[in-house]
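Shown here: run37.pdb, PDB, C-alpha atoms.
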ATOM      1  CA  MET S   1      -9.218 -16.217  -4.555
ATOM      2  CA  ASN S   2      -5.646 -16.948  -5.573
ATOM      3  CA  PRO S   3      -3.299 -14.803  -3.374
ATOM      4  CA  ILE S   4      -1.282 -13.596  -6.377
ATOM      5  CA  LEU S   5      -4.401 -12.466  -8.250
ATOM      6  CA  PHE S   6      -5.737 -10.875  -5.075
ATOM      7  CA  GLY S   7      -2.415  -9.062  -4.601
ATOM      8  CA  LEU S   8      -2.426  -7.767  -8.173
ATOM      9  CA  LEU S   9      -5.963  -6.430  -7.788
ATOM     10  CA  ALA S  10      -5.332  -4.960  -4.341
ATOM     11  CA  GLY S  11      -2.125  -3.325  -5.544
ATOM     12  CA  LEU S  12      -3.779  -1.793  -8.596
ATOM     13  CA  LEU S  13      -6.706  -0.476  -6.548
ATOM     14  CA  PHE S  14      -4.578   0.902  -3.711
ATOM     15  CA  GLY S  15      -2.115   2.461  -6.156
ATOM     16  CA  ALA S  16      -4.896   4.084  -8.169
ATOM     17  CA  ALA S  17      -6.594   5.394  -5.020
ATOM     18  CA  ASP S  18      -3.377   6.969  -3.756
ATOM     19  CA  VAL S  19      -2.668   8.584  -7.132
ATOM     20  CA  ALA S  20      -6.221   9.950  -7.218
ATOM     21  CA  LEU S  21      -5.675  11.559  -3.802
ATOM     22  CA  MET S  22      -2.432  13.149  -5.015
ATOM     23  CA  LEU S  23      -3.700  14.516  -8.342
ATOM     24  CA  PRO S  24      -4.766  17.938  -6.988
ATOM     25  CA  MET S  25      -1.374  18.481  -5.298
ATOM     26  CA  ASP S  26       1.555  20.362  -6.822
ATOM     27  CA  PHE S  27       4.991  18.719  -7.158
ATOM     28  CA  PRO S  28       8.146  19.860  -8.946
ATOM     29  CA  ASP S  29       8.025  16.640 -11.011
ATOM     30  CA  LYS S  30       4.419  15.527 -10.746
ATOM     31  CA  LYS S  31       4.708  12.558 -13.118
ATOM     32  CA  THR S  32       7.574  11.057 -11.114
ATOM     33  CA  ALA S  33       5.816  11.707  -7.788
ATOM     34  CA  LEU S  34       2.630   9.998  -8.969
ATOM     35  CA  LEU S  35       4.516   7.041 -10.429
ATOM     36  CA  GLY S  36       6.520   6.604  -7.226
ATOM     37  CA  ALA S  37       3.391   6.748  -5.086
ATOM     38  CA  PHE S  38       1.603   4.252  -7.336
ATOM     39  CA  LEU S  39       4.504   1.791  -7.232
ATOM     40  CA  SER S  40       4.845   2.029  -3.464
ATOM     41  CA  ARG S  41       1.137   1.407  -2.893
ATOM     42  CA  PHE S  42       1.078  -1.328  -5.518
ATOM     43  CA  ALA S  43       3.882  -3.080  -3.624
ATOM     44  CA  ILE S  44       1.892  -2.917  -0.390
ATOM     45  CA  GLY S  45      -1.223  -4.388  -1.980
ATOM     46  CA  PHE S  46       0.712  -7.071  -3.827
ATOM     47  CA  LEU S  47       2.867  -8.215  -0.911
ATOM     48  CA  ILE S  48       0.310  -8.433   1.889
ATOM     49  CA  PRO S  49      -1.541 -11.569   0.723
ATOM     50  CA  LEU S  50       1.793 -13.274  -0.041
ATOM     51  CA  VAL S  51       3.446 -12.705   3.348
ATOM     52  CA  LYS S  52       2.977 -15.559   5.804
ATOM     53  CA  LEU S  53       3.681 -14.817   9.470
ATOM     54  CA  PRO S  54       2.227 -16.301  12.669
ATOM     55  CA  ILE S  55       0.109 -13.193  13.286
ATOM     56  CA  SER S  56      -3.324 -12.119  12.108
ATOM     57  CA  PRO S  57      -3.683 -10.930   8.498
ATOM     58  CA  TRP S  58      -4.587  -7.368   9.464
ATOM     59  CA  LEU S  59      -1.379  -7.110  11.513
ATOM     60  CA  ILE S  60       0.595  -8.400   8.531
ATOM     61  CA  GLY S  61      -1.067  -5.664   6.479
ATOM     62  CA  ALA S  62      -0.180  -2.992   9.018
ATOM     63  CA  LEU S  63       3.426  -4.174   9.194
ATOM     64  CA  VAL S  64       3.897  -4.363   5.411
ATOM     65  CA  GLY S  65       2.139  -1.032   4.919
ATOM     66  CA  LEU S  66       4.388   0.735   7.413
ATOM     67  CA  LEU S  67       7.623  -0.906   6.273
ATOM     68  CA  VAL S  68       7.054  -0.159   2.587
ATOM     69  CA  SER S  69       5.970   3.418   3.399
ATOM     70  CA  LEU S  70       8.968   4.302   5.576
ATOM     71  CA  PRO S  71      11.457   5.086   2.767
ATOM     72  CA  ASP S  72       9.006   7.426   1.030
ATOM     73  CA  ALA S  73       8.208   9.157   4.323
ATOM     74  CA  VAL S  74      11.891   9.677   5.152
ATOM     75  CA  ILE S  75      12.758  10.972   1.679
ATOM     76  CA  THR S  76       9.838  13.406   1.478
ATOM     77  CA  LYS S  77       9.706  14.268   5.199
ATOM     78  CA  ALA S  78       5.921  13.944   4.893
ATOM     79  CA  TYR S  79       5.712  11.341   7.650
ATOM     80  CA  ALA S  80       2.108  11.613   8.796
ATOM     81  CA  PRO S  81       0.232  11.357   5.483
ATOM     82  CA  ILE S  82       2.481   8.699   3.973
ATOM     83  CA  LEU S  83       2.667   6.477   7.055
ATOM     84  CA  ALA S  84      -1.049   6.919   7.789
ATOM     85  CA  SER S  85      -1.968   5.976   4.234
ATOM     86  CA  GLY S  86       0.302   2.936   4.331
ATOM     87  CA  LEU S  87      -1.041   1.844   7.713
ATOM     88  CA  ILE S  88      -4.722   2.307   6.889
ATOM     89  CA  GLY S  89      -4.419   0.764   3.431
ATOM     90  CA  GLY S  90      -2.319  -2.085   4.824
ATOM     91  CA  LEU S  91      -4.843  -2.814   7.561
ATOM     92  CA  ALA S  92      -7.726  -2.867   5.073
ATOM     93  CA  ILE S  93      -5.899  -5.028   2.542
ATOM     94  CA  GLY S  94      -4.678  -7.375   5.286
ATOM     95  CA  TRP S  95      -8.200  -7.803   6.615
ATOM     96  CA  ALA S  96      -9.549  -8.439   3.091
ATOM     97  CA  ALA S  97      -6.704 -10.830   2.284
ATOM     98  CA  GLY S  98      -7.525 -12.799   5.430
ATOM     99  CA  ARG S  99     -11.094 -13.200   4.244
ATOM    100  CA  TRP S 100     -10.722 -13.716   0.497
ATOM    101  CA  ALA S 101      -7.133 -14.541  -0.469
ATOM    102  CA  GLY S 102      -7.112 -18.251   0.228
TER     103      GLY S 102
END

Write-out of the structure in structure tokens:
Amino acid sequence: MNPILFGLLAGLLFGAADVALMLPMDFPDKKTALLGAFLSRFAIGFLIPLVKLPISPWLIGALVGLLVSLPDAVITKAYAPILASGLIGGLAIGWAAGRWAG
């Protein structure tokens, strides 16, 4: 599959999944929190198949997932859930990109 198309699909799916996990939570400005989370996760999904480094695709996914998640984790001080989500999602998308994003 084309890496850009794969990235768009992965970003949409990862963003939607993260928003779905956050829906039951309470935030002072819920709409902004959900939009920010969606955009962050969309960026992870979109970027992973486009990044080319001399390491395995799942490591690229882990690296991109952690790097894109760090600002959100620092701002919210919710390090564990945000970094874990970015790492796990990044690993999965990186693995899938290695298999199907040619």

Inset, instruction - Using the chain letters and numbering of this document, enumerate as a count of residues only the residues selected by the PyMOL selection byres ((chain S and resi 13-27) around 10). - result: 31

Inset, instruction - State, in Å with one decimal place, the distance from atom CA of Gly94 of chain S to atom CA of Lys77 of chain S. - result: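 Interatomic distance here is 26.0 Å.
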
Inset, instruction - On this file, the PyMOL selection byres ((chain S and resi 83) around 8) gives some set of residues; write that set as a list in words. - result: Gly65, Leu66, Ser69, Leu70, Ala73, Tyr79, Ala80, Pro81, Ile82, Ala84, Ser85, Gly86 and Leu87 of chain S

Legend entry - Selection: 9 Å around Ile60 of chain S, all atoms listed in the file, excl. self and same-chain fewer than 3 positions, as a ChimeraX atom specification: /S:48-49,51-53,55-57,63-65,90-91,94

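Of note, atom CA of Ile88 of chain S and atom CA of Leu5 of chain S are spaced 21.2 Å apart.
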
Legend entry - Atom-to-atom span, atom CA of Ala92 of chain S and atom CA of Phe6 of chain S, Å: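 That distance, rounded to one decimal, is 13.1 Å.
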
Inset, instruction - Select, from S:Ile75, S:Leu47, S:Ala101, S:Ile4, the residue with the minimum atom-to-atom distance to Gly61 of chain S, counting all atoms listed in the file. - result: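 Using all atoms listed in the file, the shortest distance to Gly61 of chain S belongs to S:Leu47.
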
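Closest approach to Gly98 of chain S among S:Met1, S:Leu50, S:Trp58, S:Ala78: S:Trp58, based on only C-alpha atoms.
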
Return as JSON the centre and edge lengths, in Å with one decimal, of the box along x, y and z that encloses every atom of segment 13-23 of chain S in the file, padded by 4 Å per side.
{"center_x": -4.4, "center_y": 7.0, "center_z": -6.0, "size_x": 12.6, "size_y": 23.0, "size_z": 12.6}
